[in-house]
>>> print(open('query02.pdb').read())   # PDB, C-alpha atoms and all ligand atoms
ATOM      1  CA  SER A  43      70.354  82.855  85.771
ATOM      2  CA  ARG A  44      73.149  82.206  88.220
ATOM      3  CA  SER A  45      72.032  78.603  88.533
ATOM      4  CA  LEU A  46      74.332  75.942  87.154
ATOM      5  CA  LYS A  47      71.801  73.185  87.652
ATOM      6  CA  GLY A  48      72.385  70.283  85.292
ATOM      7  CA  TYR A  49      75.875  71.464  84.355
ATOM      8  CA  VAL A  50      79.033  69.443  84.848
ATOM      9  CA  ALA A  51      82.432  70.885  85.749
ATOM     10  CA  ILE A  52      85.990  69.636  86.077
ATOM     11  CA  VAL A  53      88.166  71.548  88.546
ATOM     12  CA  THR A  54      91.888  70.743  88.518
ATOM     13  CA  GLY A  55      93.883  71.198  91.698
ATOM     14  CA  ALA A  56      90.574  70.965  93.553
ATOM     15  CA  GLY A  57      92.244  69.771  96.715
ATOM     16  CA  SER A  58      93.897  71.759  99.436
ATOM     17  CA  ALA A  59      96.215  70.749 102.191
ATOM     18  CA  ASP A  60      94.537  70.143 105.555
ATOM     19  CA  GLU A  61      91.188  71.838 105.950
ATOM     20  CA  GLY A  62      92.487  74.807 103.974
ATOM     21  CA  ILE A  63      90.499  76.631 101.336
ATOM     22  CA  GLY A  64      92.571  76.962  98.184
ATOM     23  CA  ASN A  65      91.289  78.457  94.956
ATOM     24  CA  GLY A  66      90.423  75.079  93.447
ATOM     25  CA  ARG A  67      88.560  73.810  96.506
ATOM     26  CA  ALA A  68      86.615  77.073  96.825
ATOM     27  CA  SER A  69      85.769  77.046  93.093
ATOM     28  CA  ALA A  70      84.543  73.446  93.292
ATOM     29  CA  ILE A  71      82.367  74.129  96.345
ATOM     30  CA  LEU A  72      80.859  77.326  94.900
ATOM     31  CA  LEU A  73      80.113  75.691  91.525
ATOM     32  CA  ALA A  74      78.408  72.837  93.381
ATOM     33  CA  GLU A  75      76.404  75.285  95.487
ATOM     34  CA  ALA A  76      75.033  76.701  92.236
ATOM     35  CA  GLY A  77      73.807  73.225  91.287
ATOM     36  CA  CYS A  78      76.722  71.969  89.220
ATOM     37  CA  SER A  79      78.109  68.444  89.451
ATOM     38  CA  VAL A  80      81.842  68.652  89.997
ATOM     39  CA  VAL A  81      84.763  66.357  89.245
ATOM     40  CA  CYS A  82      87.446  67.278  91.785
ATOM     41  CA  VAL A  83      90.877  66.457  90.341
ATOM     42  CA  ASP A  84      94.058  66.554  92.380
ATOM     43  CA  LEU A  85      97.457  64.937  92.506
ATOM     44  CA  SER A  86      96.573  64.035  96.069
ATOM     45  CA  ALA A  87      93.683  61.558  96.377
ATOM     46  CA  THR A  88      93.206  62.612 100.012
ATOM     47  CA  TYR A  89      92.879  66.310  99.148
ATOM     48  CA  ALA A  90      90.483  65.634  96.264
ATOM     49  CA  GLU A  91      88.332  63.306  98.357
ATOM     50  CA  LYS A  92      88.139  65.899 101.104
ATOM     51  CA  THR A  93      86.737  68.474  98.654
ATOM     52  CA  ALA A  94      84.252  66.001  97.184
ATOM     53  CA  SER A  95      83.107  64.982 100.660
ATOM     54  CA  MET A  96      82.682  68.636 101.690
ATOM     55  CA  ILE A  97      80.364  69.043  98.681
ATOM     56  CA  GLU A  98      78.495  65.797  99.290
ATOM     57  CA  ALA A  99      78.029  66.624 102.983
ATOM     58  CA  ASP A 100      76.389  69.893 102.062
ATOM     59  CA  ARG A 101      74.124  68.659  99.286
ATOM     60  CA  THR A 102      70.927  70.592  98.929
ATOM     61  CA  GLY A 103      70.076  70.008  95.278
ATOM     62  CA  SER A 104      70.850  67.747  92.378
ATOM     63  CA  GLN A 105      74.589  68.402  92.376
ATOM     64  CA  SER A 106      77.132  65.795  93.306
ATOM     65  CA  ALA A 107      80.880  65.481  93.338
ATOM     66  CA  ILE A 108      83.474  62.844  92.676
ATOM     67  CA  ALA A 109      87.177  62.843  93.459
ATOM     68  CA  LEU A 110      89.790  61.856  90.901
ATOM     69  CA  SER A 111      93.442  61.491  91.676
ATOM     70  CA  ALA A 112      95.443  62.418  88.573
ATOM     71  CA  ASN A 113      98.461  64.341  87.355
ATOM     72  CA  VAL A 114      97.496  66.980  84.794
ATOM     73  CA  THR A 115     101.039  67.157  83.395
ATOM     74  CA  ASP A 116     100.439  63.747  81.785
ATOM     75  CA  GLU A 117      98.416  63.978  78.571
ATOM     76  CA  LEU A 118      96.971  60.471  78.881
ATOM     77  CA  GLN A 119      95.725  61.280  82.374
ATOM     78  CA  CYS A 120      94.113  64.509  81.075
ATOM     79  CA  LYS A 121      92.311  62.435  78.465
ATOM     80  CA  SER A 122      91.099  59.950  81.049
ATOM     81  CA  ILE A 123      89.888  62.715  83.413
ATOM     82  CA  VAL A 124      87.574  63.928  80.641
ATOM     83  CA  GLN A 125      86.531  60.360  79.766
ATOM     84  CA  SER A 126      85.697  59.545  83.392
ATOM     85  CA  THR A 127      83.685  62.759  83.684
ATOM     86  CA  VAL A 128      81.570  61.961  80.656
ATOM     87  CA  GLU A 129      81.118  58.335  81.767
ATOM     88  CA  LYS A 130      79.891  59.477  85.174
ATOM     89  CA  TYR A 131      77.793  62.528  84.274
ATOM     90  CA  GLY A 132      77.164  62.247  80.524
ATOM     91  CA  ARG A 133      78.438  65.702  79.563
ATOM     92  CA  LEU A 134      80.966  68.461  80.262
ATOM     93  CA  ASP A 135      80.181  72.190  80.429
ATOM     94  CA  ILE A 136      82.890  73.826  82.551
ATOM     95  CA  LEU A 137      86.643  73.336  82.887
ATOM     96  CA  VAL A 138      88.501  75.190  85.634
ATOM     97  CA  ASN A 139      92.232  74.937  84.930
ATOM     98  CA  ASN A 140      93.304  75.846  88.437
ATOM     99  CA  VAL A 141      96.505  73.830  88.910
ATOM    100  CA  GLY A 142      99.569  75.990  89.398
ATOM    101  CA  ILE A 143     102.764  75.846  91.434
ATOM    102  CA  MET A 144     105.418  78.348  92.439
ATOM    103  CA  GLY A 145     107.877  76.145  90.561
ATOM    104  CA  ALA A 146     111.493  76.829  89.758
ATOM    105  CA  LYS A 147     113.224  79.401  91.916
ATOM    106  CA  GLY A 148     115.748  81.883  90.687
ATOM    107  CA  THR A 149     116.458  84.378  87.947
ATOM    108  CA  ALA A 150     117.667  83.790  84.379
ATOM    109  CA  GLU A 151     121.173  83.661  85.847
ATOM    110  CA  THR A 152     120.445  81.017  88.449
ATOM    111  CA  VAL A 153     117.407  78.979  87.360
ATOM    112  CA  ASP A 154     117.700  75.215  86.909
ATOM    113  CA  MET A 155     116.376  74.516  83.400
ATOM    114  CA  ALA A 156     114.989  71.076  84.252
ATOM    115  CA  GLU A 157     112.917  72.691  87.017
ATOM    116  CA  TRP A 158     111.927  75.445  84.579
ATOM    117  CA  ASP A 159     110.522  72.867  82.147
ATOM    118  CA  VAL A 160     108.538  71.160  84.908
ATOM    119  CA  GLY A 161     107.089  74.495  86.057
ATOM    120  CA  MET A 162     106.017  75.510  82.550
ATOM    121  CA  ARG A 163     104.442  72.102  82.056
ATOM    122  CA  VAL A 164     102.448  72.332  85.292
ATOM    123  CA  ASN A 165     101.416  75.974  84.928
ATOM    124  CA  VAL A 166     100.832  76.237  81.164
ATOM    125  CA  SER A 167     100.940  72.952  79.204
ATOM    126  CA  SER A 168      98.527  71.206  81.603
ATOM    127  CA  MET A 169      95.869  73.804  80.696
ATOM    128  CA  VAL A 170      96.321  73.097  76.993
ATOM    129  CA  MET A 171      96.161  69.329  77.498
ATOM    130  CA  MET A 172      92.986  69.529  79.589
ATOM    131  CA  ALA A 173      91.360  71.838  77.025
ATOM    132  CA  LYS A 174      92.406  69.525  74.195
ATOM    133  CA  TYR A 175      90.127  66.785  75.528
ATOM    134  CA  ALA A 176      87.456  68.977  77.129
ATOM    135  CA  ILE A 177      86.626  71.051  74.033
ATOM    136  CA  PRO A 178      85.346  68.162  71.857
ATOM    137  CA  GLU A 179      82.905  67.246  74.653
ATOM    138  CA  MET A 180      81.783  70.870  75.113
ATOM    139  CA  LYS A 181      81.110  71.134  71.376
ATOM    140  CA  LYS A 182      78.455  68.426  71.744
ATOM    141  CA  ASN A 183      76.342  70.652  74.036
ATOM    142  CA  ASP A 184      73.477  72.680  72.606
ATOM    143  CA  ASN A 185      73.794  76.442  72.294
ATOM    144  CA  ALA A 186      70.417  77.409  73.759
ATOM    145  CA  LYS A 187      71.942  79.623  76.463
ATOM    146  CA  GLY A 188      74.343  81.293  74.042
ATOM    147  CA  TRP A 189      77.359  79.180  74.955
ATOM    148  CA  ARG A 190      78.339  75.527  74.890
ATOM    149  CA  GLY A 191      81.321  75.449  77.191
ATOM    150  CA  ALA A 192      83.258  77.668  79.585
ATOM    151  CA  ILE A 193      86.939  77.389  80.423
ATOM    152  CA  VAL A 194      88.435  79.398  83.290
ATOM    153  CA  ASN A 195      92.226  79.472  83.579
ATOM    154  CA  MET A 196      93.955  80.476  86.812
ATOM    155  CA  GLY A 197      96.425  83.301  86.317
ATOM    156  CA  SER A 198      97.968  85.586  88.910
ATOM    157  CA  ILE A 199      98.638  89.307  89.197
ATOM    158  CA  THR A 200     102.332  88.435  88.946
ATOM    159  CA  GLY A 201     101.533  87.660  85.302
ATOM    160  CA  LEU A 202     100.463  91.303  84.903
ATOM    161  CA  MET A 203     103.283  92.861  86.916
ATOM    162  CA  GLY A 204     106.345  90.637  86.621
ATOM    163  CA  GLY A 205     107.283  91.531  90.168
ATOM    164  CA  ALA A 206     108.188  88.278  91.896
ATOM    165  CA  PRO A 207     111.471  86.877  93.094
ATOM    166  CA  SER A 208     111.373  84.001  90.614
ATOM    167  CA  LEU A 209     111.315  84.173  86.805
ATOM    168  CA  LEU A 210     109.194  81.071  86.275
ATOM    169  CA  TYR A 211     106.037  82.035  88.133
ATOM    170  CA  PRO A 212     105.296  85.433  86.551
ATOM    171  CA  THR A 213     106.420  84.199  83.118
ATOM    172  CA  SER A 214     104.102  81.195  83.221
ATOM    173  CA  LYS A 215     101.187  83.264  84.558
ATOM    174  CA  GLY A 216     101.709  85.856  81.819
ATOM    175  CA  ALA A 217     101.487  82.988  79.341
ATOM    176  CA  VAL A 218      98.194  81.876  80.910
ATOM    177  CA  MET A 219      96.645  85.234  79.995
ATOM    178  CA  ASN A 220      97.610  85.027  76.347
ATOM    179  CA  LEU A 221      96.732  81.349  76.209
ATOM    180  CA  THR A 222      93.281  82.505  77.342
ATOM    181  CA  ARG A 223      93.002  85.142  74.611
ATOM    182  CA  SER A 224      94.221  82.803  71.855
ATOM    183  CA  MET A 225      91.891  80.017  72.909
ATOM    184  CA  ALA A 226      89.004  82.490  73.113
ATOM    185  CA  ASN A 227      89.676  83.358  69.454
ATOM    186  CA  HIS A 228      89.974  79.776  68.268
ATOM    187  CA  HIS A 229      86.920  78.398  70.037
ATOM    188  CA  ALA A 230      84.409  81.270  69.937
ATOM    189  CA  PRO A 231      82.906  79.819  66.736
ATOM    190  CA  ASP A 232      82.163  76.662  68.756
ATOM    191  CA  GLY A 233      80.406  78.657  71.483
ATOM    192  CA  ILE A 234      83.195  78.057  73.972
ATOM    193  CA  ARG A 235      84.116  80.949  76.251
ATOM    194  CA  VAL A 236      87.636  81.118  77.680
ATOM    195  CA  ASN A 237      88.502  83.498  80.508
ATOM    196  CA  CYS A 238      91.170  83.997  83.127
ATOM    197  CA  VAL A 239      91.100  84.955  86.808
ATOM    198  CA  CYS A 240      94.118  86.811  88.173
ATOM    199  CA  PRO A 241      94.186  86.742  91.960
ATOM    200  CA  GLY A 242      96.470  88.805  94.115
ATOM    201  CA  MET A 243      98.269  87.170  97.035
ATOM    202  CA  LEU A 244      95.564  85.266  98.892
ATOM    203  CA  TYR A 245      95.802  83.367 102.111
ATOM    204  CA  THR A 246      95.646  79.726 100.927
ATOM    205  CA  PRO A 247      97.594  76.536 101.686
ATOM    206  CA  MET A 248      99.918  77.423  98.777
ATOM    207  CA  THR A 249     100.956  80.740 100.284
ATOM    208  CA  TYR A 250     101.064  79.808 103.960
ATOM    209  CA  GLY A 251     102.776  76.577 102.855
ATOM    210  CA  PHE A 252     105.749  78.455 101.458
ATOM    211  CA  GLY A 253     106.050  80.495 104.591
ATOM    212  CA  MET A 254     103.938  83.611 104.192
ATOM    213  CA  THR A 255     104.662  85.446 107.445
ATOM    214  CA  GLU A 256     102.349  87.720 109.435
ATOM    215  CA  GLU A 257     104.552  90.600 108.289
ATOM    216  CA  MET A 258     104.062  89.689 104.603
ATOM    217  CA  ARG A 259     100.313  89.391 105.122
ATOM    218  CA  LYS A 260     100.224  92.835 106.733
ATOM    219  CA  THR A 261     102.306  94.387 103.932
ATOM    220  CA  ARG A 262     100.027  92.890 101.272
ATOM    221  CA  ARG A 263      96.926  94.201 103.028
ATOM    222  CA  GLU A 264      98.411  97.669 103.277
ATOM    223  CA  GLN A 265      99.488  97.705  99.625
ATOM    224  CA  SER A 266      95.950  96.951  98.413
ATOM    225  CA  LEU A 267      93.323  99.645  97.958
ATOM    226  CA  LEU A 268      90.777  97.861 100.126
ATOM    227  CA  LYS A 269      93.332  97.092 102.882
ATOM    228  CA  THR A 270      91.990  93.584 103.314
ATOM    229  CA  GLU A 271      93.263  90.073 102.725
ATOM    230  CA  GLY A 272      91.683  87.785 100.138
ATOM    231  CA  THR A 273      90.882  84.103 100.478
ATOM    232  CA  GLY A 274      90.157  81.240  98.104
ATOM    233  CA  TRP A 275      86.463  82.148  98.323
ATOM    234  CA  ASP A 276      87.088  85.527  96.651
ATOM    235  CA  CYS A 277      88.770  83.740  93.785
ATOM    236  CA  GLY A 278      86.143  80.976  93.609
ATOM    237  CA  ALA A 279      83.359  83.551  93.321
ATOM    238  CA  ALA A 280      85.062  85.068  90.269
ATOM    239  CA  VAL A 281      85.486  81.612  88.724
ATOM    240  CA  ARG A 282      81.830  80.781  89.291
ATOM    241  CA  PHE A 283      80.718  84.081  87.724
ATOM    242  CA  LEU A 284      82.809  83.527  84.578
ATOM    243  CA  ALA A 285      81.389  80.001  84.291
ATOM    244  CA  CYS A 286      77.721  80.948  84.602
ATOM    245  CA  ASP A 287      75.057  81.945  82.075
ATOM    246  CA  GLU A 288      75.235  85.598  83.129
ATOM    247  CA  ALA A 289      78.751  85.681  81.670
ATOM    248  CA  ARG A 290      77.463  84.482  78.278
ATOM    249  CA  TRP A 291      78.851  87.613  76.570
ATOM    250  CA  ILE A 292      82.282  87.427  78.221
ATOM    251  CA  THR A 293      85.252  85.727  76.587
ATOM    252  CA  GLY A 294      88.989  86.348  76.328
ATOM    253  CA  THR A 295      89.022  88.484  79.426
ATOM    254  CA  THR A 296      91.120  88.595  82.558
ATOM    255  CA  LEU A 297      89.279  89.281  85.795
ATOM    256  CA  THR A 298      91.656  90.659  88.401
ATOM    257  CA  VAL A 299      90.727  89.799  91.998
ATOM    258  CA  ASP A 300      93.242  91.685  94.117
ATOM    259  CA  ALA A 301      91.537  94.307  96.323
ATOM    260  CA  GLY A 302      92.838  96.912  93.869
ATOM    261  CA  LEU A 303      96.533  96.153  94.345
ATOM    262  CA  THR A 304      97.380  96.418  90.628
ATOM    263  CA  SER A 305      95.492  99.740  90.426
ATOM    264  CA  SER A 306      97.362 101.334  93.309
TER     265      SER A 306
HETATM  266  P1  LIG B   1      97.089  75.034  96.513
HETATM  267  O1  LIG B   1      98.510  74.595  96.537
HETATM  268  O2  LIG B   1      96.377  75.240  97.806
HETATM  269  O3  LIG B   1      96.222  74.041  95.642
HETATM  270  C1  LIG B   1      96.665  73.553  94.409
HETATM  271  C2  LIG B   1      96.362  72.065  94.309
HETATM  272  O4  LIG B   1      96.856  71.622  93.021
HETATM  273  C3  LIG B   1      97.069  71.211  95.364
HETATM  274  O5  LIG B   1      96.107  70.487  96.099
HETATM  275  C4  LIG B   1      97.989  70.297  94.541
HETATM  276  O6  LIG B   1      98.041  68.969  95.059
HETATM  277  C5  LIG B   1      97.335  70.321  93.171
HETATM  278  N1  LIG B   1      98.286  70.012  92.090
HETATM  279  C6  LIG B   1      99.530  70.499  91.930
HETATM  280  N2  LIG B   1     100.111  69.978  90.836
HETATM  281  C7  LIG B   1      99.200  69.144  90.271
HETATM  282  C8  LIG B   1      99.206  68.300  89.128
HETATM  283  N3  LIG B   1     100.285  68.216  88.347
HETATM  284  N4  LIG B   1      98.081  67.581  88.857
HETATM  285  C9  LIG B   1      96.991  67.663  89.654
HETATM  286  N5  LIG B   1      96.936  68.443  90.754
HETATM  287  C10 LIG B   1      98.018  69.165  91.074
HETATM  288  O7  LIG B   1      97.111  76.358  95.657
HETATM  289  P2  LIG B   1      96.161  77.629  95.563
HETATM  290  O8  LIG B   1      96.747  78.717  96.362
HETATM  291  O9  LIG B   1      94.746  77.259  95.773
HETATM  292  O10 LIG B   1      96.424  78.005  94.058
HETATM  293  C11 LIG B   1      95.681  77.517  93.022
HETATM  294  C12 LIG B   1      95.935  78.346  91.795
HETATM  295  O11 LIG B   1      95.785  79.732  92.081
HETATM  296  C13 LIG B   1      97.345  78.183  91.205
HETATM  297  O12 LIG B   1      97.265  78.214  89.790
HETATM  298  C14 LIG B   1      98.058  79.402  91.727
HETATM  299  O13 LIG B   1      99.162  79.754  90.928
HETATM  300  C15 LIG B   1      96.953  80.426  91.664
HETATM  301  N6  LIG B   1      97.168  81.606  92.485
HETATM  302  C16 LIG B   1      97.262  81.521  93.842
HETATM  303  C17 LIG B   1      97.473  82.660  94.575
HETATM  304  C18 LIG B   1      97.574  82.628  96.073
HETATM  305  O14 LIG B   1      97.889  83.651  96.662
HETATM  306  N7  LIG B   1      97.337  81.504  96.702
HETATM  307  C19 LIG B   1      97.568  83.906  93.949
HETATM  308  C20 LIG B   1      97.469  83.966  92.582
HETATM  309  C21 LIG B   1      97.253  82.811  91.850
END
>>> encode(input="query02.pdb", output="structure tokens", more="lines below")
Ligand code: NAD
Amino acid sequence: SRSLKGYVAIVTGAGSADEGIGNGRASAILLAEAGCSVVCVDLSATYAEKTASMIEADRTGSQSAIALSANVTDELQCKSIVQSTVEKYGRLDILVNNVGIMGAKGTAETVDMAEWDVGMRVNVSSMVMMAKYAIPEMKKNDNAKGWRGAIVNMGSITGLMGGAPSLLYPTSKGAVMNLTRSMANHHAPDGIRVNCVCPGMLYTPMTYGFGMTEEMRKTRREQSLLKTEGTGWDCGAAVRFLACDEARWITGTTLTVDAGLTSS
């Protein structure tokens, strides 16, 4: 069923600036609505606490949420996120590797290599480090539903198309897709499913934060097949689907959520 009652999830980058609905916040709220207990991880304690309190304020079932302030580019902190989760809830079923930044600007000619390394660490290595500690916990779960653990990595359609002004962002998001496929291969024998969501340009704090203008929003809408703008909720719904029992036969895949932009 679509219920995630009794399951426990970690969502990284689960905060959002202001009252905004980013992909991580929306994923955390929708997982909780399905009955899951959620550990909301963010660099910003304030953002993470806001998400956890939004979930707690809306509690209808057994789910609950806690906020954790941590930096997922630090391996020790990744380890302690997983430890804290298991201490609090006793298990781990779902990992949403949502953290991602625009990162280093520029082309191969102009990029600052120190910024490049930071961007790759945030967008790619953090997902590996979180999985490194999450997988051993997932392996302890029983396989009655046909899977023991589900990992959802946040990609982007720029990883499919390459068309972005910077080199770092599309390169790192392309890597997220193949990271997903490789991990799906390695961990299928353990009953762990690994999938990727590739959103198009959504209206979230990340995009309006870097100055997405009304003109850019209009252009994006017009370029898509459905002529509409997406939000964090559209992305969160895809994450929740890939994490649920109904997706028990899905691994290694990329689910594009872009109103048809990449098909146009
Ligand atoms: P957002 O900026 O609103 O939220 C991301 C959160 O991650 C922030 O609260 C930030 O504090 C947190 N964070 C950043 N670095 C961190 C770190 N090292 N450790 C812990 N937390 C950290 O962003 P969003 O728009 O919701 O994007 C989330 C994901 O979706 C990213 O991977 C992004 O690349 C991807 N994405 C977004 C769009 C879009 O249009 N917004 C499109 C495609 C893909």
>>> closest_atom_pairs(input="query02.pdb", of="chain A", to="ligand LIG 1 (chain B)", cutoff="8 Å", atoms="all atoms listed in the file", output="Markdown table")
| residue | atom | partner | partner_atom | distance |
| --- | --- | --- | --- | --- |
| A:Thr54 | CA | B:LIG1 | N5 | 6.0 |
| A:Gly55 | CA | B:LIG1 | O4 | 3.3 |
| A:Ala56 | CA | B:LIG1 | C2 | 5.9 |
| A:Gly57 | CA | B:LIG1 | O5 | 4.0 |
| A:Ser58 | CA | B:LIG1 | O5 | 4.2 |
| A:Ala59 | CA | B:LIG1 | O5 | 6.1 |
| A:Gly62 | CA | B:LIG1 | O2 | 7.3 |
| A:Ile63 | CA | B:LIG1 | O2 | 7.0 |
| A:Gly64 | CA | B:LIG1 | O9 | 3.3 |
| A:Asn65 | CA | B:LIG1 | O9 | 3.7 |
| A:Gly66 | CA | B:LIG1 | O9 | 5.4 |
| A:Arg67 | CA | B:LIG1 | O9 | 7.1 |
| A:Val83 | CA | B:LIG1 | C9 | 6.3 |
| A:Asp84 | CA | B:LIG1 | N5 | 3.8 |
| A:Leu85 | CA | B:LIG1 | N5 | 4.0 |
| A:Ser86 | CA | B:LIG1 | O6 | 5.2 |
| A:Tyr89 | CA | B:LIG1 | O5 | 6.1 |
| A:Ala90 | CA | B:LIG1 | O5 | 7.4 |
| A:Ser111 | CA | B:LIG1 | C9 | 7.4 |
| A:Ala112 | CA | B:LIG1 | C9 | 5.6 |
| A:Asn113 | CA | B:LIG1 | N4 | 3.6 |
| A:Val114 | CA | B:LIG1 | N4 | 4.1 |
| A:Thr115 | CA | B:LIG1 | N3 | 5.1 |
| A:Asp116 | CA | B:LIG1 | N3 | 7.9 |
| A:Asn139 | CA | B:LIG1 | O12 | 7.7 |
| A:Asn140 | CA | B:LIG1 | O12 | 4.8 |
| A:Val141 | CA | B:LIG1 | O12 | 4.5 |
| A:Gly142 | CA | B:LIG1 | O12 | 3.2 |
| A:Ile143 | CA | B:LIG1 | O13 | 5.3 |
| A:Met144 | CA | B:LIG1 | O13 | 6.6 |
| A:Val164 | CA | B:LIG1 | N3 | 5.6 |
| A:Asn165 | CA | B:LIG1 | O12 | 6.8 |
| A:Ser168 | CA | B:LIG1 | N3 | 7.6 |
| A:Met196 | CA | B:LIG1 | O12 | 5.0 |
| A:Gly197 | CA | B:LIG1 | C21 | 5.6 |
| A:Ser198 | CA | B:LIG1 | C20 | 4.0 |
| A:Ile199 | CA | B:LIG1 | C20 | 6.4 |
| A:Thr200 | CA | B:LIG1 | C20 | 7.5 |
| A:Tyr211 | CA | B:LIG1 | O13 | 7.8 |
| A:Lys215 | CA | B:LIG1 | O13 | 7.5 |
| A:Cys240 | CA | B:LIG1 | C20 | 6.2 |
| A:Pro241 | CA | B:LIG1 | C20 | 4.3 |
| A:Gly242 | CA | B:LIG1 | C19 | 5.0 |
| A:Met243 | CA | B:LIG1 | O14 | 3.6 |
| A:Leu244 | CA | B:LIG1 | O14 | 3.6 |
| A:Tyr245 | CA | B:LIG1 | O14 | 5.8 |
| A:Thr246 | CA | B:LIG1 | O8 | 4.8 |
| A:Pro247 | CA | B:LIG1 | O2 | 4.3 |
| A:Met248 | CA | B:LIG1 | O1 | 3.9 |
| A:Thr249 | CA | B:LIG1 | N7 | 5.1 |
| A:Gly251 | CA | B:LIG1 | O1 | 7.9 |
| A:Thr273 | CA | B:LIG1 | N7 | 7.9 |
| A:Gly274 | CA | B:LIG1 | O9 | 6.5 |
>>> residues_around(input="query02.pdb", residues="Gly145 of chain A", least_positions_apart="5", cutoff="8 Å", atoms="all atoms listed in the file", output="list in words")
Glu157, Trp158, Val160, Gly161, Leu210 and Tyr211 of chain A
>>> closest_residue(input="query02.pdb", among="A:Thr296, A:Thr261, A:Ser167, A:Thr93", to="Glu117 of chain A", atoms="all atoms listed in the file")
A:Ser167
>>> residues_around(input="query02.pdb", residues="segment 98-103 of chain A", least_positions_apart="2", cutoff="9 Å", atoms="all atoms listed in the file", output="list in words")
Lys47, Ala74, Glu75, Ala76, Gly77, Thr93, Ala94, Ser95, Met96, Gln105, Ser106, Ala107 and Ile108 of chain A
>>> atom_distance(input="query02.pdb", atom1="atom CA of Tyr175 of chain A", atom2="atom CA of Ala51 of chain A")
13.4 Å
>>> residues_around(input="query02.pdb", residues="Val124 of chain A", least_positions_apart="4", cutoff="9 Å", atoms="all atoms listed in the file", output="PDB file with C-alpha atoms, keeping the file's coordinate frame")
ATOM      1  CA  ILE A  52      85.990  69.636  86.077  1.00  0.00           C
ATOM      2  CA  GLN A 119      95.725  61.280  82.374  1.00  0.00           C
ATOM      3  CA  CYS A 120      94.113  64.509  81.075  1.00  0.00           C
ATOM      4  CA  VAL A 128      81.570  61.961  80.656  1.00  0.00           C
ATOM      5  CA  GLU A 129      81.118  58.335  81.767  1.00  0.00           C
ATOM      6  CA  LEU A 134      80.966  68.461  80.262  1.00  0.00           C
ATOM      7  CA  MET A 172      92.986  69.529  79.589  1.00  0.00           C
ATOM      8  CA  TYR A 175      90.127  66.785  75.528  1.00  0.00           C
ATOM      9  CA  ALA A 176      87.456  68.977  77.129  1.00  0.00           C
ATOM     10  CA  GLU A 179      82.905  67.246  74.653  1.00  0.00           C
TER      11      GLU A 179
END
